[in-house]
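Undergrad: Okay, so here is run-v7.csv, and as you'll see once you scroll down, it has CSV, C-alpha atoms and all ligand atoms.
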```csv
chain,number,residue,atom,x,y,z
U,26,MET,CA,122.1,34.4,101.0
U,27,ALA,CA,123.1,36.7,98.2
U,28,LEU,CA,121.1,39.9,97.9
U,29,PRO,CA,119.0,40.3,94.7
U,30,ARG,CA,120.8,42.5,92.2
U,31,LEU,CA,118.7,45.3,90.8
U,32,LEU,CA,119.6,47.5,87.9
U,33,VAL,CA,118.5,51.1,88.6
U,34,LEU,CA,118.0,53.3,85.5
U,35,GLY,CA,117.8,57.0,86.4
U,36,THR,CA,116.0,59.5,84.2
U,37,GLY,CA,115.4,62.4,86.6
U,38,GLY,CA,112.0,63.8,87.7
U,39,THR,CA,110.9,65.1,91.1
U,40,ILE,CA,112.4,62.0,92.8
U,41,ALA,CA,115.7,63.6,91.8
U,42,GLY,CA,114.5,67.1,92.3
U,43,THR,CA,115.6,69.8,94.7
U,44,ALA,CA,113.8,72.9,96.0
U,45,ARG,CA,116.6,74.5,98.1
U,46,SER,CA,113.8,75.5,100.5
U,47,ARG,CA,112.3,72.7,102.5
U,48,THR,CA,108.9,74.4,102.4
U,49,GLY,CA,108.9,76.4,99.1
U,50,LYS,CA,106.9,75.7,96.0
U,51,ALA,CA,109.3,76.1,93.2
U,52,TYR,CA,111.9,73.4,92.4
U,53,ALA,CA,113.9,71.8,89.6
U,54,ALA,CA,113.4,68.2,88.5
U,55,GLY,CA,116.3,65.9,87.8
U,56,GLU,CA,119.0,67.8,89.7
U,57,VAL,CA,120.3,65.0,92.0
U,58,ALA,CA,122.7,62.5,90.3
U,59,LEU,CA,121.6,58.9,90.5
U,60,GLU,CA,124.7,57.8,92.4
U,61,ALA,CA,124.1,60.5,95.0
U,62,MET,CA,120.5,59.3,95.4
U,63,LEU,CA,121.5,55.7,95.8
U,64,GLY,CA,124.1,56.8,98.4
U,65,GLU,CA,121.2,58.0,100.5
U,66,VAL,CA,119.3,54.9,99.8
U,67,GLY,CA,122.3,52.9,101.1
U,68,ALA,CA,121.6,54.3,104.6
U,69,LEU,CA,118.1,52.6,104.6
U,70,GLY,CA,119.7,49.1,104.8
U,71,LEU,CA,117.5,47.7,102.0
U,72,GLU,CA,118.0,44.0,101.2
U,73,ALA,CA,119.1,44.5,97.6
U,74,GLU,CA,122.3,45.3,95.7
U,75,LEU,CA,121.6,48.3,93.5
U,76,VAL,CA,123.5,48.8,90.2
U,77,PRO,CA,123.1,52.5,89.1
U,78,ARG,CA,123.0,53.4,85.4
U,79,PRO,CA,122.1,57.0,84.6
U,80,VAL,CA,120.1,57.5,81.4
U,81,ALA,CA,119.1,61.1,81.7
U,82,ARG,CA,118.5,63.9,84.3
U,83,ILE,CA,115.4,65.6,83.0
U,84,GLY,CA,111.8,66.4,83.8
U,85,SER,CA,109.8,63.7,82.2
U,86,GLN,CA,107.9,66.3,80.1
U,87,ASP,CA,111.1,66.3,78.0
U,88,ILE,CA,111.3,62.5,77.6
U,89,GLY,CA,111.6,61.4,74.1
U,90,TRP,CA,113.0,58.9,71.6
U,91,ARG,CA,116.6,59.0,72.9
U,92,GLU,CA,115.7,58.1,76.5
U,93,TRP,CA,113.0,55.6,75.5
U,94,ASP,CA,115.4,53.8,73.1
U,95,ALA,CA,118.1,53.7,75.8
U,96,LEU,CA,115.6,52.4,78.5
U,97,HIS,CA,114.3,49.7,76.2
U,98,ALA,CA,117.8,48.5,75.3
U,99,GLU,CA,119.0,48.5,78.9
U,100,ILE,CA,116.0,46.5,80.1
U,101,ALA,CA,116.2,44.1,77.2
U,102,ARG,CA,119.8,43.5,78.2
U,103,ALA,CA,118.9,43.0,81.8
U,104,GLU,CA,116.2,40.5,80.9
U,105,ASP,CA,119.1,38.3,79.4
U,106,ASP,CA,121.5,38.9,82.3
U,107,PRO,CA,121.3,36.1,84.8
U,108,GLU,CA,122.9,38.4,87.4
U,109,ILE,CA,120.1,40.9,87.4
U,110,ALA,CA,116.9,40.0,89.3
U,111,GLY,CA,114.8,43.1,88.4
U,112,VAL,CA,114.9,46.7,87.1
U,113,ILE,CA,113.9,50.0,88.7
U,114,VAL,CA,113.4,53.1,86.5
U,115,THR,CA,113.4,56.4,88.4
U,116,HIS,CA,111.1,58.8,86.4
U,117,GLY,CA,109.2,62.0,86.5
U,118,THR,CA,105.5,61.5,87.2
U,119,ASP,CA,104.2,63.7,84.4
U,120,THR,CA,104.8,61.1,81.7
U,121,ALA,CA,105.3,57.9,83.8
U,122,GLU,CA,102.2,56.3,82.4
U,123,GLU,CA,103.5,56.9,78.8
U,124,THR,CA,107.0,55.4,79.4
U,125,ALA,CA,105.6,52.5,81.4
U,126,PHE,CA,103.0,51.6,78.8
U,127,LEU,CA,105.4,52.0,75.9
U,128,LEU,CA,107.9,49.6,77.6
U,129,ASP,CA,105.0,47.3,78.6
U,130,LEU,CA,103.9,46.9,75.0
U,131,THR,CA,107.4,46.2,73.7
U,132,LEU,CA,109.1,44.0,76.4
U,133,PRO,CA,108.4,40.5,77.4
U,134,ALA,CA,106.6,40.1,80.7
U,135,GLY,CA,109.7,38.7,82.3
U,136,LYS,CA,111.7,40.0,85.3
U,137,PRO,CA,110.1,42.7,87.4
U,138,VAL,CA,110.4,46.2,85.8
U,139,VAL,CA,109.2,49.0,88.1
U,140,LEU,CA,108.9,52.7,87.4
U,141,VAL,CA,109.0,54.9,90.5
U,142,GLY,CA,108.8,58.7,91.0
U,143,ALA,CA,107.8,61.2,93.6
U,144,MET,CA,105.5,64.1,94.0
U,145,ARG,CA,107.7,66.1,96.3
U,146,PRO,CA,111.4,67.0,95.7
U,147,SER,CA,114.0,65.2,97.6
U,148,ASP,CA,114.8,68.1,100.0
U,149,ALA,CA,111.1,69.1,100.7
U,150,VAL,CA,109.6,68.5,104.1
U,151,GLY,CA,107.6,65.2,103.9
U,152,SER,CA,109.3,64.1,100.7
U,153,ASP,CA,107.9,60.9,99.3
U,154,GLY,CA,110.9,59.9,97.2
U,155,MET,CA,112.8,57.7,99.6
U,156,ARG,CA,109.7,55.8,100.7
U,157,ASN,CA,108.6,55.3,97.1
U,158,PHE,CA,112.1,54.1,96.2
U,159,ALA,CA,112.3,51.7,99.1
U,160,ASN,CA,108.9,50.3,98.0
U,161,ALA,CA,110.1,50.0,94.5
U,162,VAL,CA,113.1,47.9,95.8
U,163,ARG,CA,110.7,45.6,97.6
U,164,VAL,CA,108.6,45.1,94.4
U,165,ALA,CA,111.5,44.7,92.0
U,166,SER,CA,113.2,42.1,94.3
U,167,ASP,CA,110.0,40.0,94.8
U,168,PRO,CA,110.0,37.0,92.3
U,169,ASP,CA,106.2,37.2,92.4
U,170,SER,CA,106.4,40.6,90.6
U,171,ALA,CA,107.6,38.8,87.5
U,172,GLY,CA,105.1,38.1,84.7
U,173,ARG,CA,103.0,41.2,85.4
U,174,GLY,CA,104.4,43.5,82.8
U,175,VAL,CA,105.8,46.9,83.7
U,176,LEU,CA,104.7,48.2,87.1
U,177,VAL,CA,104.4,51.7,88.5
U,178,VAL,CA,104.9,52.2,92.3
U,179,MET,CA,103.7,55.4,94.0
U,180,ALA,CA,102.3,56.1,97.4
U,181,ASP,CA,102.4,52.6,98.8
U,182,THR,CA,100.5,51.3,95.7
U,183,VAL,CA,101.4,49.2,92.8
U,184,PHE,CA,99.7,49.7,89.4
U,185,ALA,CA,99.9,47.9,86.0
U,186,ALA,CA,101.3,50.1,83.2
U,187,ALA,CA,98.1,49.6,81.1
U,188,ASP,CA,95.9,50.9,83.9
U,189,VAL,CA,97.8,53.7,85.5
U,190,ARG,CA,97.4,57.4,85.0
U,191,LYS,CA,98.3,60.6,86.8
U,192,ALA,CA,95.0,61.9,88.1
U,193,ALA,CA,96.1,64.8,90.4
U,194,THR,CA,98.7,67.5,89.8
U,195,ALA,CA,100.2,67.7,93.3
U,196,ASN,CA,98.8,65.1,95.8
U,197,VAL,CA,101.2,62.5,97.0
U,198,ASP,CA,98.7,59.8,96.0
U,199,ALA,CA,98.3,61.3,92.5
U,200,PHE,CA,98.0,58.0,90.6
U,201,ARG,CA,94.9,55.9,89.8
U,202,GLY,CA,94.3,52.7,88.0
U,203,PHE,CA,91.5,52.1,85.4
U,204,PRO,CA,89.9,49.7,84.7
U,205,ARG,CA,91.8,47.8,87.3
U,206,GLY,CA,92.7,49.6,90.5
U,207,PRO,CA,95.9,48.8,92.4
U,208,LEU,CA,97.5,45.4,91.9
U,209,ALA,CA,99.1,45.5,95.3
U,210,ARG,CA,99.9,47.4,98.4
U,211,VAL,CA,103.5,47.9,99.3
U,212,THR,CA,105.5,49.3,102.2
U,213,PRO,CA,109.2,49.1,102.8
U,214,SER,CA,108.6,45.9,104.8
U,215,SER,CA,105.6,44.3,103.1
U,216,LEU,CA,104.0,43.5,99.7
U,217,ASP,CA,100.5,42.2,99.3
U,218,TRP,CA,99.3,41.2,95.8
U,219,PHE,CA,95.6,41.2,95.2
U,220,ALA,CA,95.7,38.7,92.3
U,221,PRO,CA,98.1,36.3,90.7
U,222,ALA,CA,100.4,37.4,87.9
U,223,HIS,CA,98.5,37.5,84.6
U,224,ARG,CA,101.2,37.6,81.9
U,225,VAL,CA,103.6,35.0,83.0
U,226,GLY,CA,105.9,34.0,80.2
U,227,SER,CA,104.2,36.2,77.6
U,228,PRO,CA,106.6,37.6,74.9
U,229,ALA,CA,106.8,41.2,73.8
U,230,ARG,CA,103.6,42.1,72.1
U,231,TYR,CA,105.1,44.5,69.6
U,232,ALA,CA,108.6,44.9,68.1
U,233,TRP,CA,110.7,47.8,69.2
U,234,PRO,CA,110.6,50.2,66.3
U,235,GLU,CA,113.3,52.1,64.5
U,236,ALA,CA,111.4,55.4,65.2
U,237,LEU,CA,108.0,56.5,66.3
U,238,PRO,CA,105.6,58.3,64.0
U,239,ARG,CA,104.0,61.6,64.7
U,240,VAL,CA,100.7,61.0,66.3
U,241,ALA,CA,98.7,64.0,67.8
U,242,ILE,CA,96.1,64.3,70.5
U,243,LEU,CA,93.3,66.6,69.6
U,244,THR,CA,91.2,67.8,72.5
U,245,ALA,CA,87.6,68.5,71.6
U,246,GLY,CA,85.9,71.6,73.0
U,247,ALA,CA,82.5,73.2,72.6
U,248,CYS,CA,82.2,75.4,69.5
U,249,MET,CA,85.4,74.3,67.9
U,250,ASP,CA,85.6,73.9,64.1
U,251,GLU,CA,87.4,71.5,61.8
U,252,LYS,CA,90.5,73.7,61.2
U,253,PRO,CA,92.6,72.0,63.9
U,254,VAL,CA,92.1,68.6,62.2
U,255,GLU,CA,93.2,70.1,58.9
U,256,ALA,CA,96.2,71.7,60.6
U,257,LEU,CA,97.3,68.3,62.1
U,258,LEU,CA,97.0,66.7,58.7
U,259,GLY,CA,99.0,69.6,57.2
U,260,ILE,CA,102.0,68.8,59.4
U,261,GLY,CA,101.9,65.2,58.4
U,262,CYS,CA,100.4,63.4,61.4
U,263,ALA,CA,100.4,59.7,60.8
U,264,GLY,CA,97.5,59.2,63.2
U,265,ILE,CA,95.2,61.3,65.4
U,266,VAL,CA,93.8,60.5,68.9
U,267,LEU,CA,90.7,62.5,69.7
U,268,ALA,CA,90.3,63.4,73.4
U,269,GLY,CA,86.6,63.8,73.0
U,270,MET,CA,83.8,65.0,75.2
U,271,GLY,CA,81.9,62.4,77.1
U,272,GLN,CA,82.3,59.0,75.4
U,273,GLY,CA,84.6,60.5,72.7
U,274,ASN,CA,82.3,63.0,71.1
U,275,ALA,CA,83.2,66.1,69.1
U,276,PRO,CA,81.2,68.7,67.1
U,277,ARG,CA,79.8,67.3,63.9
U,278,VAL,CA,82.2,69.3,61.7
U,279,VAL,CA,85.2,67.8,63.6
U,280,ILE,CA,83.8,64.3,63.3
U,281,GLU,CA,83.4,64.8,59.5
U,282,ALA,CA,86.9,66.1,59.1
U,283,LEU,CA,88.3,63.2,61.1
U,284,ALA,CA,86.3,60.8,59.0
U,285,LYS,CA,87.9,62.3,55.9
U,286,ALA,CA,91.3,61.7,57.5
U,287,ALA,CA,90.4,58.1,58.2
U,288,ALA,CA,89.2,57.6,54.7
U,289,ASN,CA,92.6,58.9,53.5
U,290,GLY,CA,94.5,56.4,55.5
U,291,VAL,CA,95.2,58.3,58.7
U,292,PRO,CA,94.0,56.2,61.6
U,293,VAL,CA,91.7,58.0,64.0
U,294,VAL,CA,91.2,56.8,67.6
U,295,ARG,CA,88.4,58.2,69.7
U,296,SER,CA,89.2,58.5,73.4
U,297,ALA,CA,87.7,60.8,76.1
U,298,ARG,CA,88.9,64.0,77.7
U,299,VAL,CA,86.8,62.8,80.7
U,300,ASP,CA,89.1,61.6,83.5
U,301,GLU,CA,87.9,58.0,83.6
U,302,GLY,CA,85.7,55.5,81.8
U,303,MET,CA,85.3,53.4,78.7
U,304,VAL,CA,84.8,54.7,75.2
U,305,ASP,CA,82.8,52.1,73.3
U,306,ARG,CA,82.2,51.7,69.6
U,307,ASN,CA,79.1,53.1,67.9
U,308,VAL,CA,77.5,54.9,70.9
U,309,GLU,CA,76.7,58.4,69.6
U,310,VAL,CA,79.4,58.3,66.9
U,311,ASP,CA,79.0,55.8,64.1
U,312,ASP,CA,82.5,54.3,64.1
U,313,ASP,CA,81.6,51.7,61.5
U,314,ALA,CA,80.6,54.4,59.0
U,315,HIS,CA,83.4,56.8,59.8
U,316,GLY,CA,86.2,54.2,60.0
U,317,PHE,CA,87.1,55.2,63.5
U,318,VAL,CA,88.6,53.1,66.4
U,319,ALA,CA,87.2,53.4,69.9
U,320,ALA,CA,90.0,53.7,72.6
U,321,ARG,CA,88.0,51.6,75.1
U,322,ALA,CA,89.7,51.7,78.5
U,323,LEU,CA,92.7,53.8,77.4
U,324,GLY,CA,92.9,57.5,78.0
U,325,PRO,CA,94.3,59.9,75.4
U,326,ALA,CA,98.0,59.7,76.5
U,327,LYS,CA,98.1,55.9,76.5
U,328,ALA,CA,96.0,55.6,73.4
U,329,ARG,CA,98.6,57.8,71.6
U,330,ILE,CA,101.4,55.5,72.7
U,331,LEU,CA,99.6,52.4,71.5
U,332,LEU,CA,98.7,54.0,68.2
U,333,MET,CA,102.3,55.1,67.6
U,334,VAL,CA,103.5,51.5,68.3
U,335,LEU,CA,100.9,50.0,66.0
U,336,ILE,CA,101.7,52.3,63.1
U,337,ALA,CA,105.4,51.8,63.6
U,338,ASN,CA,104.7,48.1,63.4
U,339,GLY,CA,102.9,48.5,60.1
U,340,ILE,CA,99.4,48.1,61.6
U,341,ARG,CA,97.2,50.9,60.1
U,342,ASP,CA,94.0,49.1,59.3
U,343,ALA,CA,91.1,50.2,61.6
U,344,ALA,CA,89.9,46.7,62.4
U,345,ARG,CA,93.4,45.5,63.4
U,346,ILE,CA,93.9,48.7,65.4
U,347,GLN,CA,90.5,48.2,67.1
U,348,ALA,CA,91.5,44.6,68.0
U,349,ALA,CA,94.7,45.9,69.6
U,350,PHE,CA,92.7,48.5,71.7
U,351,ASP,CA,90.1,45.8,72.7
U,352,GLY,CA,92.9,43.5,73.9
U,353,ARG,CA,95.3,46.0,75.3
B,1,LIG,N1,107.5,67.6,85.6
B,1,LIG,C1,108.5,66.8,86.2
B,1,LIG,C2,108.5,65.4,85.7
B,1,LIG,O1,107.6,64.8,85.3
B,1,LIG,C3,108.3,66.8,87.7
B,1,LIG,C4,107.1,66.2,88.2
B,1,LIG,C5,107.3,64.9,88.9
B,1,LIG,O2,108.2,64.1,88.7
B,1,LIG,O3,106.4,64.6,89.8
B,1,LIG,O4,109.6,64.9,85.7
```
What would you get if you wrote out this structure as structure tokens?
TA:
Amino acid sequence: MALPRLLVLGTGGTIAGTARSRTGKAYAAGEVALEAMLGEVGALGLEAELVPRPVARIGSQDIGWREWDALHAEIARAEDDPEIAGVIVTHGTDTAEETAFLLDLTLPAGKPVVLVGAMRPSDAVGSDGMRNFANAVRVASDPDSAGRGVLVVMADTVFAAADVRKAATANVDAFRGFPRGPLARVTPSSLDWFAPAHRVGSPARYAWPEALPRVAILTAGACMDEKPVEALLGIGCAGIVLAGMGQGNAPRVVIEALAKAAANGVPVVRSARVDEGMVDRNVEVDDDAHGFVAARALGPAKARILLMVLIANGIRDAARIQAAFDGR
């Protein structure tokens, strides 16, 4: 039987990183060329044909429009290519949740699309890169991975793009899912889904834009004043995501400045700087009166991605933005 053909889009990150010392701390992300990495993968005898396509060789803190636009175009083409069974994107872990969620919002839930990274560089003792990659191959070549949206594979665990976040700076199992935990457990020789695919046949939810607007995250802190809000408006932010205290709170003067921004047509989404949990409407902040949107289950990084996509698609009205956050 022919092996499944997987398109591998390389962007860099620690999975392609080198430390030059097997035990040292310092390393550089994105140093190993995709072809060299797949050469090593070849020795694992995985049951898939891998088609490499380098997109970038960067640390994902530097990912931006050029790489996102290229990834979206490559995956959209792969969706239409009957020769390709699934797509793997190798990616740094710092912004994996942002790239995964952006693609998830703007691609149909068709063939498996899997983001994979590593927490330890390729030449470090106990490197997780090869195992994570072998797991990604297993997920991307499983027909049952289709119809689940974009997936993130790390540390033998499969997450949905909408749920996943990086929750630790250095542990190998650095990723968590909220509100859903893992969708599946994976090893190089097994894959166990915990629930059926939930988006089978669903089209792209939002059109891929020509560009993304400037949307800032403002982290609230005790004793801050309204000046940072004014500064963000002064540089032309098209939207603001508040990473608030507790359930999306901020000092009264900050809330008042944000309400003024919302009244002037700059959408404001309240999320939480707390690591996990919902931000609901009208708890301590009167969202109805202030014209705010509650981020619900999305943390600040993913709330910013959704707000950018909404604004780029001409959706600026608070009620419609709220509906999108409620239904994410
Ligand atoms: N900061 C780099 C990145 O996100 C390395 C971290 C990693 O991949 O784990 O690409």
Undergrad: Determine, counting all atoms listed in the file, which protein, DNA and RNA residues have an atom within 8 Å of an atom of Asp167 (chain U); residues of the same chain fewer than 4 positions away are not included. Present the result as an MDAnalysis selection string.
TA: chainID U and resid 137 163 171
Undergrad: Would you save the residues of that selection, restricted to C-alpha atoms, as a compact mmCIF listing (two decimals), keeping the file's coordinate frame?
TA:
```txt
# COMPACT_ATOMS: atom_id res chain seq x y z
CA PRO U 137 110.10 42.70 87.40
CA ARG U 163 110.70 45.60 97.60
CA ALA U 171 107.60 38.80 87.50
```
Undergrad: Mind checking which residues fall within 6 Å of region 202-219 of chain U, counting all atoms listed in the file, ignoring those fewer than 5 positions away in the same chain, and posting them as a PyMOL selection string?
TA: chain U and resi 159-160+181-184+188-189
Undergrad: List all protein, DNA and RNA residues that have any atom at most 12 Å from ligand LIG 1 (chain B), counting all atoms listed in the file, and write the list as number ranges by chain.
TA: U: 35-44, 51-56, 81-88, 115-124, 140-147, 152-154, 179, 191-200
Undergrad: Looking at all atoms listed in the file, which of U:Glu74, U:Glu255, U:Glu65, U:Asp129 is the one that sits closest to Glu108 (chain U)?
TA: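 Looking only at the distances to Glu108 (chain U), the closest residue turns out to be U:Glu74.
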Undergrad: Just checking: using all atoms listed in the file, which residue out of U:Arg353, U:Arg173, U:Lys285, U:Lys50 ends up closest to Val254 (chain U)?
TA: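 The answer is U:Lys285, which sits nearest to Val254 (chain U).
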Undergrad: Considering all atoms listed in the file, can you say which of U:Arg295, U:Arg306, U:Arg345, U:Lys136 comes closest to Ser166 (chain U)?
TA: U:Lys136
